[in-house]
>>> print(open('my_file-v1.txt').read())   # compact mmCIF, C-alpha atoms
# COMPACT_ATOMS: atom_id res chain seq x y z
CA MET I 1 0.00 0.00 0.00
CA SER I 2 1.20 3.53 -0.65
CA ALA I 3 2.16 5.87 2.17
CA THR I 4 -0.23 8.57 3.26
CA ILE I 5 1.21 12.07 3.46
CA ILE I 6 0.01 13.81 6.59
CA GLU I 7 0.23 17.44 7.64
CA PRO I 8 0.92 17.80 11.37
CA HIS I 9 -0.79 20.56 13.31
CA GLY I 10 1.17 23.35 14.99
CA HIS I 11 4.17 25.29 13.78
CA CYS I 12 7.68 24.53 12.61
CA ALA I 13 10.41 27.02 11.70
CA GLU I 14 11.47 26.67 8.07
CA ARG I 15 14.96 25.61 9.12
CA PHE I 16 13.43 22.50 10.71
CA ALA I 17 11.23 21.38 7.82
CA ALA I 18 13.00 18.01 7.74
CA VAL I 19 12.01 17.51 11.38
CA ALA I 20 8.35 17.93 10.46
CA ASP I 21 8.85 15.41 7.65
CA ALA I 22 10.42 12.88 10.05
CA PHE I 23 7.52 13.31 12.44
CA ALA I 24 5.00 12.90 9.63
CA ALA I 25 6.76 9.72 8.48
CA ASN I 26 5.83 8.05 11.78
CA PHE I 27 2.19 8.24 10.68
CA GLY I 28 2.85 7.38 7.06
CA GLU I 29 2.06 3.69 6.59
CA ASP I 30 -1.63 3.06 5.89
CA SER I 31 -1.58 -0.51 7.13
CA ASP I 32 0.27 -0.07 10.42
CA PRO I 33 1.48 3.44 11.31
CA GLN I 34 4.21 3.67 13.93
CA ASP I 35 2.31 6.44 15.69
CA VAL I 36 -1.40 6.84 16.40
CA GLY I 37 -1.23 10.16 18.24
CA ALA I 38 1.90 12.07 19.20
CA GLY I 39 3.57 15.43 19.65
CA ILE I 40 7.10 16.82 19.30
CA ALA I 41 8.69 20.07 20.40
CA VAL I 42 12.10 21.68 20.01
CA THR I 43 13.51 24.77 21.68
CA VAL I 44 16.71 26.54 20.60
CA GLU I 45 18.04 29.39 22.73
CA GLY I 46 14.78 29.07 24.67
CA GLU I 47 12.62 29.71 21.59
CA LEU I 48 9.99 27.13 20.68
CA VAL I 49 11.00 26.47 17.06
CA VAL I 50 9.04 23.22 16.58
CA ASP I 51 5.66 22.49 18.16
CA LEU I 52 3.77 19.80 16.26
CA TRP I 53 1.07 17.26 17.03
CA HIS I 54 -1.00 14.83 15.01
CA GLY I 55 -3.27 11.81 15.17
CA THR I 56 -5.98 10.52 17.44
CA VAL I 57 -6.22 9.58 21.08
CA GLU I 58 -8.70 7.96 23.42
CA THR I 59 -9.92 10.24 26.20
CA ASP I 60 -12.70 10.17 28.76
CA ALA I 61 -14.94 11.30 25.88
CA GLY I 62 -14.24 8.10 23.94
CA PRO I 63 -11.83 6.64 21.35
CA ASP I 64 -10.54 8.31 18.19
CA GLN I 65 -10.56 11.86 19.50
CA PRO I 66 -8.28 14.31 17.64
CA TRP I 67 -4.96 14.92 19.36
CA GLN I 68 -5.24 18.60 20.23
CA ALA I 69 -2.79 21.39 21.02
CA ASP I 70 -3.63 20.98 24.72
CA THR I 71 -3.79 17.18 24.88
CA ILE I 72 -1.71 15.84 27.77
CA ILE I 73 -0.72 12.26 28.39
CA ASN I 74 1.16 10.12 30.91
CA VAL I 75 4.83 10.30 29.89
CA TRP I 76 6.05 7.58 32.25
CA SER I 77 9.75 7.90 33.12
CA THR I 78 10.24 11.14 31.25
CA THR I 79 8.71 12.45 34.50
CA LYS I 80 12.05 11.61 36.13
CA THR I 81 13.75 14.52 34.39
CA VAL I 82 11.27 16.97 35.96
CA SER I 83 11.62 15.42 39.42
CA ALA I 84 15.41 15.56 39.13
CA LEU I 85 15.17 19.23 38.21
CA ALA I 86 13.31 19.92 41.47
CA CYS I 87 16.19 18.42 43.47
CA LEU I 88 18.77 20.27 41.38
CA MET I 89 16.97 23.55 42.06
CA LEU I 90 17.09 22.93 45.81
CA ALA I 91 20.81 22.21 45.51
CA ASP I 92 21.26 25.42 43.54
CA GLN I 93 19.51 27.35 46.30
CA GLY I 94 21.80 25.85 48.94
CA GLU I 95 18.93 23.90 50.51
CA LEU I 96 20.16 20.42 49.49
CA ASP I 97 23.63 18.91 49.24
CA LEU I 98 23.82 16.52 46.28
CA HIS I 99 26.85 14.86 47.94
CA GLY I 100 25.23 14.94 51.36
CA ARG I 101 23.62 12.10 53.27
CA VAL I 102 19.92 11.53 52.60
CA ALA I 103 19.46 10.85 56.31
CA ALA I 104 20.55 14.42 57.07
CA VAL I 105 17.17 15.64 55.78
CA TRP I 106 15.21 12.38 56.26
CA PRO I 107 16.44 10.78 59.52
CA GLU I 108 14.32 7.63 59.26
CA PHE I 109 16.12 6.79 56.03
CA ALA I 110 19.26 5.82 57.97
CA ALA I 111 17.70 2.49 59.00
CA ASN I 112 19.15 -0.85 57.91
CA GLY I 113 22.60 0.36 56.87
CA LYS I 114 21.55 3.32 54.70
CA ASP I 115 23.10 6.11 56.78
CA ALA I 116 25.88 6.72 54.23
CA ILE I 117 23.65 6.84 51.10
CA GLU I 118 23.93 10.24 49.45
CA VAL I 119 21.40 12.23 47.45
CA ARG I 120 23.45 11.72 44.29
CA HIS I 121 23.13 7.94 44.67
CA ILE I 122 19.35 8.18 44.51
CA MET I 123 19.52 10.57 41.57
CA SER I 124 21.83 8.22 39.63
CA HIS I 125 20.02 4.92 40.31
CA THR I 126 22.94 3.61 42.39
CA ALA I 127 21.31 3.67 45.86
CA GLY I 128 20.40 -0.03 45.89
CA LEU I 129 16.70 0.70 46.39
CA SER I 130 15.33 -0.08 42.95
CA GLY I 131 12.26 -1.82 44.39
CA TRP I 132 10.38 -2.73 47.54
CA ASP I 133 11.10 -5.75 49.73
CA ALA I 134 7.48 -5.84 50.90
CA PRO I 135 4.80 -6.88 48.41
CA MET I 136 3.12 -3.83 46.86
CA ALA I 137 -0.27 -3.86 45.14
CA PRO I 138 -0.59 -1.48 42.17
CA GLU I 139 -3.05 0.75 44.04
CA GLU I 140 -0.59 1.12 46.93
CA LEU I 141 1.45 3.41 44.70
CA TYR I 142 -1.17 6.01 45.65
CA ASP I 143 -0.22 5.76 49.33
CA TRP I 144 2.74 8.12 49.65
CA ASP I 145 3.43 7.43 53.32
CA LYS I 146 3.47 3.68 52.84
CA ALA I 147 5.66 3.77 49.72
CA THR I 148 8.24 6.04 51.31
CA SER I 149 8.26 4.52 54.81
CA LEU I 150 8.87 1.04 53.42
CA LEU I 151 11.84 2.30 51.43
CA ALA I 152 13.19 4.13 54.48
CA ALA I 153 13.01 0.93 56.54
CA GLN I 154 14.59 -1.59 54.17
CA ALA I 155 18.21 -2.46 53.46
CA PRO I 156 19.81 -1.71 50.07
CA TRP I 157 19.98 -4.58 47.60
CA TRP I 158 23.60 -3.84 46.62
CA GLU I 159 26.42 -1.62 47.85
CA PRO I 160 25.27 1.93 47.17
CA GLY I 161 27.31 3.93 44.71
CA THR I 162 28.93 0.94 43.02
CA VAL I 163 26.62 0.17 40.11
CA SER I 164 23.33 1.37 38.66
CA GLY I 165 20.10 -0.54 38.92
CA TYR I 166 17.21 1.32 37.37
CA HIS I 167 14.98 2.71 40.15
CA ALA I 168 11.98 2.55 37.83
CA ILE I 169 9.29 3.64 40.29
CA THR I 170 11.11 4.10 43.60
CA GLN I 171 13.35 6.96 42.49
CA GLY I 172 10.42 9.36 42.40
CA TYR I 173 9.28 8.52 45.92
CA LEU I 174 12.81 8.88 47.24
CA GLU I 175 13.39 12.22 45.53
CA GLY I 176 9.90 13.39 46.38
CA GLU I 177 10.33 12.66 50.07
CA ILE I 178 13.64 14.53 50.06
CA VAL I 179 11.86 17.52 48.52
CA ARG I 180 9.08 17.26 51.11
CA ARG I 181 11.52 17.08 54.03
CA VAL I 182 13.47 20.11 52.76
CA THR I 183 10.57 22.34 51.69
CA GLY I 184 7.42 21.08 53.39
CA GLN I 185 5.83 20.80 49.94
CA THR I 186 5.06 17.68 47.98
CA ILE I 187 7.14 17.40 44.84
CA GLY I 188 4.04 18.02 42.73
CA GLN I 189 3.41 21.26 44.61
CA PHE I 190 7.06 22.31 44.33
CA VAL I 191 7.18 21.63 40.59
CA ALA I 192 3.96 23.55 40.01
CA GLU I 193 5.01 26.59 42.04
CA HIS I 194 8.65 26.86 41.05
CA ILE I 195 8.92 25.30 37.58
CA THR I 196 5.77 24.87 35.52
CA ARG I 197 3.84 28.01 36.47
CA PRO I 198 6.77 30.41 35.99
CA LEU I 199 7.52 28.80 32.61
CA GLY I 200 3.88 28.45 31.55
CA ALA I 201 4.47 24.72 31.04
CA ASP I 202 1.44 22.40 30.99
CA PHE I 203 2.94 19.56 33.04
CA HIS I 204 1.55 17.95 36.20
CA ILE I 205 2.78 15.54 38.85
CA GLY I 206 -0.62 14.83 40.35
CA THR I 207 -3.18 15.92 37.76
CA GLU I 208 -6.22 17.81 38.99
CA ALA I 209 -9.79 17.06 37.87
CA ALA I 210 -9.91 20.27 35.84
CA HIS I 211 -7.58 18.65 33.32
CA ASP I 212 -9.36 15.30 32.93
CA SER I 213 -11.04 16.14 29.62
CA ARG I 214 -7.63 16.77 28.05
CA VAL I 215 -5.92 13.59 29.25
CA GLY I 216 -5.21 10.98 26.60
CA TYR I 217 -4.94 7.25 27.31
CA VAL I 218 -1.81 5.35 26.36
CA ILE I 219 -2.05 2.28 24.15
CA PRO I 220 -0.23 -0.48 26.09
CA PRO I 221 2.85 -2.13 24.58
CA PRO I 222 2.60 -5.60 23.04
CA THR I 223 4.42 -7.26 25.95
CA PRO I 224 4.46 -6.49 29.69
CA ALA I 225 7.37 -4.63 31.27
CA VAL I 226 8.67 -7.74 33.04
CA GLY I 227 9.03 -9.79 29.84
CA ASP I 228 10.92 -13.04 30.48
CA LEU I 229 12.81 -11.97 33.59
CA ALA I 230 14.07 -14.62 35.99
CA PRO I 231 11.66 -14.89 38.94
CA ASP I 232 14.29 -14.25 41.64
CA SER I 233 16.29 -11.60 39.80
CA ILE I 234 16.73 -8.02 40.97
CA ALA I 235 15.14 -6.99 37.70
CA MET I 236 11.97 -8.96 38.46
CA LYS I 237 11.90 -7.70 42.05
CA THR I 238 12.13 -4.17 40.66
CA LEU I 239 9.74 -4.31 37.71
CA GLY I 240 7.30 -6.90 39.03
CA ASN I 241 6.48 -5.42 42.43
CA PRO I 242 3.94 -4.00 42.03
CA PRO I 243 2.97 -5.53 38.68
CA LEU I 244 2.21 -2.61 36.40
CA ASP I 245 -0.31 -2.61 33.58
CA ALA I 246 -0.02 0.51 31.39
CA ARG I 247 -3.82 0.77 31.39
CA GLN I 248 -3.65 1.72 35.08
CA SER I 249 -2.51 5.17 33.96
CA ALA I 250 -5.97 5.83 32.46
CA THR I 251 -7.62 5.65 35.87
CA ILE I 252 -8.55 8.64 38.01
CA PRO I 253 -6.59 7.47 41.10
CA TRP I 254 -3.39 7.24 39.02
CA ARG I 255 -3.89 10.73 37.65
CA ARG I 256 -4.49 12.25 41.06
CA ALA I 257 -1.55 10.52 42.75
CA GLU I 258 1.95 11.95 42.79
CA ILE I 259 4.09 9.23 41.21
CA PRO I 260 7.19 11.30 40.45
CA ALA I 261 9.13 8.66 38.53
CA ALA I 262 6.33 7.57 36.20
CA GLY I 263 3.06 9.48 36.60
CA GLY I 264 3.69 12.91 35.11
CA HIS I 265 1.16 14.22 32.58
CA GLY I 266 2.15 16.72 29.92
CA ASN I 267 2.75 17.26 26.26
CA ALA I 268 5.90 17.64 24.18
CA ARG I 269 5.74 21.42 24.38
CA SER I 270 5.72 21.45 28.18
CA VAL I 271 8.60 18.99 28.55
CA ALA I 272 10.76 20.97 26.13
CA GLN I 273 9.90 24.25 27.89
CA ILE I 274 10.75 22.85 31.32
CA HIS I 275 14.28 21.95 30.22
CA ALA I 276 14.95 25.05 28.12
CA PRO I 277 16.53 26.99 31.04
CA MET I 278 19.01 24.17 31.72
CA ALA I 279 19.97 24.08 28.04
CA ASN I 280 20.68 27.81 28.11
CA GLY I 281 22.96 28.13 31.11
CA GLY I 282 20.14 28.02 33.66
CA GLU I 283 17.78 30.71 32.36
CA ALA I 284 15.33 30.99 29.47
CA ASN I 285 12.57 33.47 28.69
CA GLY I 286 13.27 35.41 31.85
CA VAL I 287 12.98 32.39 34.16
CA ARG I 288 16.09 31.26 36.02
CA LEU I 289 16.07 27.76 37.45
CA LEU I 290 19.72 26.79 37.86
CA GLY I 291 23.20 28.25 38.06
CA PRO I 292 26.19 27.05 35.99
CA ALA I 293 27.79 25.12 38.87
CA THR I 294 24.63 23.07 39.44
CA ILE I 295 24.34 22.35 35.73
CA ASP I 296 27.95 21.16 35.76
CA ALA I 297 27.03 18.79 38.60
CA VAL I 298 24.55 17.03 36.29
CA PHE I 299 27.55 15.91 34.21
CA GLU I 300 29.52 14.45 37.12
CA GLU I 301 29.68 10.79 36.13
CA GLN I 302 28.25 8.58 38.87
CA CYS I 303 28.38 5.23 37.13
CA HIS I 304 29.11 3.76 33.73
CA GLY I 305 28.42 0.12 32.98
CA GLN I 306 25.87 -2.63 32.63
CA ASP I 307 22.71 -1.74 34.53
CA LEU I 308 21.33 -4.37 36.91
CA ILE I 309 17.75 -3.90 35.71
CA LEU I 310 17.80 -2.68 32.12
CA PRO I 311 19.60 -4.82 29.52
CA ILE I 312 21.93 -2.01 28.42
CA VAL I 313 25.08 -0.17 29.42
CA LEU I 314 24.19 3.13 31.07
CA ARG I 315 26.17 6.19 32.08
CA HIS I 316 24.51 8.34 34.70
CA GLY I 317 25.23 11.83 35.90
CA ILE I 318 23.25 13.39 38.72
CA GLY I 319 19.60 13.24 37.70
CA PHE I 320 20.02 12.45 34.01
CA GLY I 321 21.49 9.89 31.66
CA LEU I 322 24.69 10.94 29.87
CA PRO I 323 26.05 10.01 26.43
CA SER I 324 27.53 6.51 26.25
CA GLU I 325 28.05 3.66 23.81
CA SER I 326 24.38 2.74 24.31
CA ALA I 327 23.22 6.34 23.89
CA PRO I 328 25.60 8.24 21.59
CA PHE I 329 24.95 11.93 21.03
CA PRO I 330 26.78 14.44 18.80
CA SER I 331 27.18 16.85 21.72
CA PRO I 332 29.11 15.67 24.80
CA ARG I 333 27.14 17.97 27.12
CA THR I 334 23.83 16.27 26.50
CA ALA I 335 21.59 15.06 29.32
CA PHE I 336 18.52 12.92 28.69
CA TRP I 337 16.04 10.33 29.76
CA GLY I 338 13.02 8.62 28.27
CA GLY I 339 9.86 6.85 29.30
CA TRP I 340 8.33 3.41 29.02
CA GLY I 341 6.95 3.07 25.52
CA GLY I 342 9.06 5.71 23.81
CA SER I 343 8.72 9.25 25.20
CA LEU I 344 11.91 11.33 25.30
CA ALA I 345 13.45 14.42 26.85
CA ILE I 346 16.78 15.66 25.47
CA VAL I 347 18.77 18.62 26.83
CA ASP I 348 21.77 19.59 24.67
CA LEU I 349 23.81 22.35 26.30
CA ASP I 350 26.29 22.61 23.42
CA GLN I 351 23.48 23.36 20.95
CA ARG I 352 21.35 25.16 23.59
CA MET I 353 18.55 22.89 22.41
CA THR I 354 15.83 20.78 24.01
CA PHE I 355 13.72 18.11 22.32
CA SER I 356 10.70 16.22 23.55
CA TYR I 357 8.60 13.48 22.00
CA VAL I 358 5.42 12.08 23.58
CA MET I 359 2.94 9.60 22.14
CA ASN I 360 0.05 7.29 23.01
CA ARG I 361 1.11 4.13 21.20
CA MET I 362 3.69 2.54 23.47
CA GLY I 363 6.54 0.61 21.92
CA GLU I 364 8.72 -2.01 23.56
CA GLY I 365 11.38 0.41 24.77
CA THR I 366 11.90 1.47 28.37
CA VAL I 367 13.96 4.63 27.74
CA GLY I 368 12.93 5.68 24.23
CA ASP I 369 12.76 4.05 20.82
CA LEU I 370 13.48 4.73 17.15
CA ARG I 371 10.45 6.94 16.57
CA GLY I 372 11.89 9.69 18.71
CA ILE I 373 15.51 8.98 17.77
CA THR I 374 14.77 9.35 14.05
CA ILE I 375 13.26 12.78 14.70
CA LEU I 376 16.24 13.71 16.87
CA MET I 377 18.61 12.85 14.01
CA ALA I 378 16.64 15.21 11.77
CA ILE I 379 17.01 17.95 14.39
CA TYR I 380 20.78 17.58 14.44
CA GLY I 381 20.82 17.62 10.67
CA ALA I 382 18.97 20.93 10.70
CA LEU I 383 21.26 22.39 13.35
CA ALA I 384 24.32 21.43 11.32
CA ALA I 385 23.03 22.88 8.05
>>> encode(input="my_file-v1.txt", output="structure tokens")
Amino acid sequence: MSATIIEPHGHCAERFAAVADAFAANFGEDSDPQDVGAGIAVTVEGELVVDLWHGTVETDAGPDQPWQADTIINVWSTTKTVSALACLMLADQGELDLHGRVAAVWPEFAANGKDAIEVRHIMSHTAGLSGWDAPMAPEELYDWDKATSLLAAQAPWWEPGTVSGYHAITQGYLEGEIVRRVTGQTIGQFVAEHITRPLGADFHIGTEAAHDSRVGYVIPPPTPAVGDLAPDSIAMKTLGNPPLDARQSATIPWRRAEIPAAGGHGNARSVAQIHAPMANGGEANGVRLLGPATIDAVFEEQCHGQDLILPIVLRHGIGFGLPSESAPFPSPRTAFWGGWGGSLAIVDLDQRMTFSYVMNRMGEGTVGDLRGITILMAIYGALAA
């Protein structure tokens, strides 16, 4: 069958026409398009130069609704980049020591041999707390006190700081409790007051009822997150407790809960806007979030090697993934992460560029897939022209 040429909605600077073409190509096969509904955004020097969306999405109003300019969707682990930014901002303000002990701000955390774990270990997935010892039901993710108190009480699963093991869900609770202990605010409240509102970014950790009509449902991936993991492996203990079904994200309790490693709702525009200050030395469009020294701290390598949970080699800085053999980037000062099913957030300080891709049709990937990467390649081609 011949490809269908689609015209995405939104705007795209002429320089980035090839980026719009790459995005359109994801919808191009009549028989089985790679994307059903999706959005992309690019900022350069803080300016939103690409803001495109296309396709359909299921919402509370029913299936096959047009993906709109204000559609928001669960972006899974791309939320981690926003939660990390909250901690980085507190460090920048002198309220949090990235190399300091977690127990200094959260005394209960010192239990079971965790007194020496530092904030940077949590932010780089090396803390040894990638999952819960106690059985967790999916709905118990909505119980903040239980999720955090269990983590505070348990022993690490490996020597902290020695190797990464993807803290798929737990990282957000750990960072969020640190934010709460330092500020008295939940991380969702902190992000709203100090990041999204000043930037005018439509992103939510804990999504209020007023936004329900705009929330799109994800289309679950073909296979569950746990795949064929060995029953007693750290990977299964991490990804299988609680057992997550992507359809849970369509429920009201999931939306309302603050799940700072996986439950953020936004669109590509908002994710790109949130990271624009970091890409531009800490300030964009009159909003300053970070200073240069804190941005440099993001690039302090914390680990580089085979992850204990994900089947790839990872290189982590503080709060973000860094370029490596598994994730090569043209610019060395690039920080990134992605979400289950394919969403992406890229922050390139050398190019002063941010890129975000969000979608409803989830692929097999845990930290991004080729749909977003192909568009990213087109962006670098445009920047080099």
>>> closest_residue(input="my_file-v1.txt", among="I:Leu141, I:Ile178, I:Ile295, I:Ala69", to="Glu118 in chain I", atoms="only C-alpha atoms")
I:Ile178
>>> residues_around(input="my_file-v1.txt", residues="range 196-202 of chain I", least_positions_apart="4", cutoff="7 Å", atoms="all atoms listed in the file", output="PDB file with C-alpha atoms, in the coordinates of the input")
ATOM      1  CA  VAL I 191       7.180  21.630  40.590  1.00  0.00           C
ATOM      2  CA  ALA I 192       3.960  23.550  40.010  1.00  0.00           C
ATOM      3  CA  GLY I 266       2.150  16.720  29.920  1.00  0.00           C
ATOM      4  CA  SER I 270       5.720  21.450  28.180  1.00  0.00           C
ATOM      5  CA  GLN I 273       9.900  24.250  27.890  1.00  0.00           C
ATOM      6  CA  ILE I 274      10.750  22.850  31.320  1.00  0.00           C
ATOM      7  CA  VAL I 287      12.980  32.390  34.160  1.00  0.00           C
TER       8      VAL I 287
END
>>> atom_distance(input="my_file-v1.txt", atom1="CA of Ala41 in chain I", atom2="CA of Arg269 in chain I")
5.1 Å
>>> closest_residue(input="my_file-v1.txt", among="I:Pro330, I:Gly372, I:Gly321, I:Gly131", to="Ala24 in chain I", atoms="all atoms listed in the file")
I:Gly372
>>> closest_residue(input="my_file-v1.txt", among="I:Asp143, I:Val215, I:Pro253, I:Gly188", to="Pro66 in chain I", atoms="only C-alpha atoms")
I:Val215
>>> closest_residue(input="my_file-v1.txt", among="I:Leu98, I:Ala13, I:Ala61, I:Asn74", to="Glu300 in chain I", atoms="all atoms listed in the file")
I:Leu98
>>> residues_around(input="my_file-v1.txt", residues="Leu290 in chain I", least_positions_apart="3", cutoff="8 Å", atoms="only C-alpha atoms", output="number ranges by chain")
I: 88-89, 92, 277-278, 281-283, 294-295
>>> write_last_selection(input="my_file-v1.txt", atoms="C-alpha atoms", output="mmCIF file, in the coordinates of the input")
data_model
loop_
_atom_site.group_PDB
_atom_site.id
_atom_site.type_symbol
_atom_site.label_atom_id
_atom_site.label_comp_id
_atom_site.auth_asym_id
_atom_site.auth_seq_id
_atom_site.Cartn_x
_atom_site.Cartn_y
_atom_site.Cartn_z
ATOM 1 C CA LEU I 88 18.770 20.270 41.380
ATOM 2 C CA MET I 89 16.970 23.550 42.060
ATOM 3 C CA ASP I 92 21.260 25.420 43.540
ATOM 4 C CA PRO I 277 16.530 26.990 31.040
ATOM 5 C CA MET I 278 19.010 24.170 31.720
ATOM 6 C CA GLY I 281 22.960 28.130 31.110
ATOM 7 C CA GLY I 282 20.140 28.020 33.660
ATOM 8 C CA GLU I 283 17.780 30.710 32.360
ATOM 9 C CA THR I 294 24.630 23.070 39.440
ATOM 10 C CA ILE I 295 24.340 22.350 35.730
#
>>> atom_distance(input="my_file-v1.txt", atom1="CA of Pro221 in chain I", atom2="CA of Thr238 in chain I")
18.7 Å
>>> residues_around(input="my_file-v1.txt", residues="Ile219 in chain I", least_positions_apart="4", cutoff="8 Å", atoms="only C-alpha atoms", output="VMD selection string")
chain I and resid 246 to 247 360 to 362
>>> residues_around(input="my_file-v1.txt", residues="range 304-315 of chain I", least_positions_apart="2", cutoff="8 Å", atoms="only C-alpha atoms", output="list in words")
Val163, Ser164, Gly165, Tyr166, Ile234, Ala235, Thr238, Glu301, Gln302, Gly317, Gly321, Leu322, Pro323, Ser324, Glu325, Ser326 and Ala327 of chain I
>>> atom_distance(input="my_file-v1.txt", atom1="CA of Ala279 in chain I", atom2="CA of Phe329 in chain I")
14.9 Å
>>> closest_residue(input="my_file-v1.txt", among="I:Trp132, I:Arg214, I:Pro160, I:Gln154", to="Val119 in chain I", atoms="all atoms listed in the file")
I:Pro160
>>> closest_residue(input="my_file-v1.txt", among="I:Val19, I:Gly216, I:Trp337, I:Ser124", to="Thr162 in chain I", atoms="all atoms listed in the file")
I:Ser124
>>> build_atoms(input="my_file-v1.txt", residues="range 148-167 of chain I", atoms="N, CA and C atoms", output="PDB file, keeping the file's coordinate frame")
ATOM      1  N   THR I 148       6.982   5.455  50.857  1.00  0.00           N
ATOM      2  CA  THR I 148       8.240   6.040  51.310  1.00  0.00           C
ATOM      3  C   THR I 148       8.733   5.417  52.616  1.00  0.00           C
ATOM      4  N   SER I 149       7.827   5.090  53.530  1.00  0.00           N
ATOM      5  CA  SER I 149       8.260   4.520  54.810  1.00  0.00           C
ATOM      6  C   SER I 149       8.847   3.126  54.620  1.00  0.00           C
ATOM      7  N   LEU I 150       8.301   2.349  53.700  1.00  0.00           N
ATOM      8  CA  LEU I 150       8.870   1.040  53.420  1.00  0.00           C
ATOM      9  C   LEU I 150      10.285   1.151  52.864  1.00  0.00           C
ATOM     10  N   LEU I 151      10.501   2.105  51.982  1.00  0.00           N
ATOM     11  CA  LEU I 151      11.840   2.300  51.430  1.00  0.00           C
ATOM     12  C   LEU I 151      12.810   2.779  52.511  1.00  0.00           C
ATOM     13  N   ALA I 152      12.337   3.634  53.403  1.00  0.00           N
ATOM     14  CA  ALA I 152      13.190   4.130  54.480  1.00  0.00           C
ATOM     15  C   ALA I 152      13.612   3.002  55.419  1.00  0.00           C
ATOM     16  N   ALA I 153      12.760   1.995  55.569  1.00  0.00           N
ATOM     17  CA  ALA I 153      13.010   0.930  56.540  1.00  0.00           C
ATOM     18  C   ALA I 153      13.886  -0.197  56.003  1.00  0.00           C
ATOM     19  N   GLN I 154      13.934  -0.398  54.702  1.00  0.00           N
ATOM     20  CA  GLN I 154      14.590  -1.590  54.170  1.00  0.00           C
ATOM     21  C   GLN I 154      16.070  -1.366  53.916  1.00  0.00           C
ATOM     22  N   ALA I 155      16.774  -2.487  53.756  1.00  0.00           N
ATOM     23  CA  ALA I 155      18.210  -2.460  53.460  1.00  0.00           C
ATOM     24  C   ALA I 155      18.421  -2.357  51.950  1.00  0.00           C
ATOM     25  N   PRO I 156      19.524  -1.761  51.513  1.00  0.00           N
ATOM     26  CA  PRO I 156      19.810  -1.710  50.070  1.00  0.00           C
ATOM     27  C   PRO I 156      20.091  -3.106  49.523  1.00  0.00           C
ATOM     28  N   TRP I 157      19.799  -3.279  48.250  1.00  0.00           N
ATOM     29  CA  TRP I 157      19.980  -4.580  47.600  1.00  0.00           C
ATOM     30  C   TRP I 157      21.393  -4.786  47.070  1.00  0.00           C
ATOM     31  N   TRP I 158      22.176  -3.725  46.988  1.00  0.00           N
ATOM     32  CA  TRP I 158      23.600  -3.840  46.620  1.00  0.00           C
ATOM     33  C   TRP I 158      24.333  -2.671  47.262  1.00  0.00           C
ATOM     34  N   GLU I 159      25.642  -2.696  47.222  1.00  0.00           N
ATOM     35  CA  GLU I 159      26.420  -1.620  47.850  1.00  0.00           C
ATOM     36  C   GLU I 159      26.176  -0.305  47.136  1.00  0.00           C
ATOM     37  N   PRO I 160      25.603   0.655  47.820  1.00  0.00           N
ATOM     38  CA  PRO I 160      25.270   1.930  47.170  1.00  0.00           C
ATOM     39  C   PRO I 160      26.498   2.612  46.558  1.00  0.00           C
ATOM     40  N   GLY I 161      26.256   3.192  45.391  1.00  0.00           N
ATOM     41  CA  GLY I 161      27.310   3.930  44.710  1.00  0.00           C
ATOM     42  C   GLY I 161      28.209   3.111  43.822  1.00  0.00           C
ATOM     43  N   THR I 162      28.013   1.786  43.777  1.00  0.00           N
ATOM     44  CA  THR I 162      28.930   0.940  43.020  1.00  0.00           C
ATOM     45  C   THR I 162      28.466   0.621  41.618  1.00  0.00           C
ATOM     46  N   VAL I 163      27.171   0.559  41.402  1.00  0.00           N
ATOM     47  CA  VAL I 163      26.620   0.170  40.110  1.00  0.00           C
ATOM     48  C   VAL I 163      25.192   0.690  40.028  1.00  0.00           C
ATOM     49  N   SER I 164      24.715   0.906  38.799  1.00  0.00           N
ATOM     50  CA  SER I 164      23.330   1.370  38.660  1.00  0.00           C
ATOM     51  C   SER I 164      22.383   0.184  38.516  1.00  0.00           C
ATOM     52  N   GLY I 165      21.215   0.377  39.082  1.00  0.00           N
ATOM     53  CA  GLY I 165      20.100  -0.540  38.920  1.00  0.00           C
ATOM     54  C   GLY I 165      18.861   0.333  38.809  1.00  0.00           C
ATOM     55  N   TYR I 166      18.238   0.349  37.691  1.00  0.00           N
ATOM     56  CA  TYR I 166      17.210   1.320  37.370  1.00  0.00           C
ATOM     57  C   TYR I 166      16.116   1.370  38.431  1.00  0.00           C
ATOM     58  N   HIS I 167      16.013   2.504  39.120  1.00  0.00           N
ATOM     59  CA  HIS I 167      14.980   2.710  40.150  1.00  0.00           C
ATOM     60  C   HIS I 167      13.699   3.170  39.447  1.00  0.00           C
TER      61      HIS I 167
END
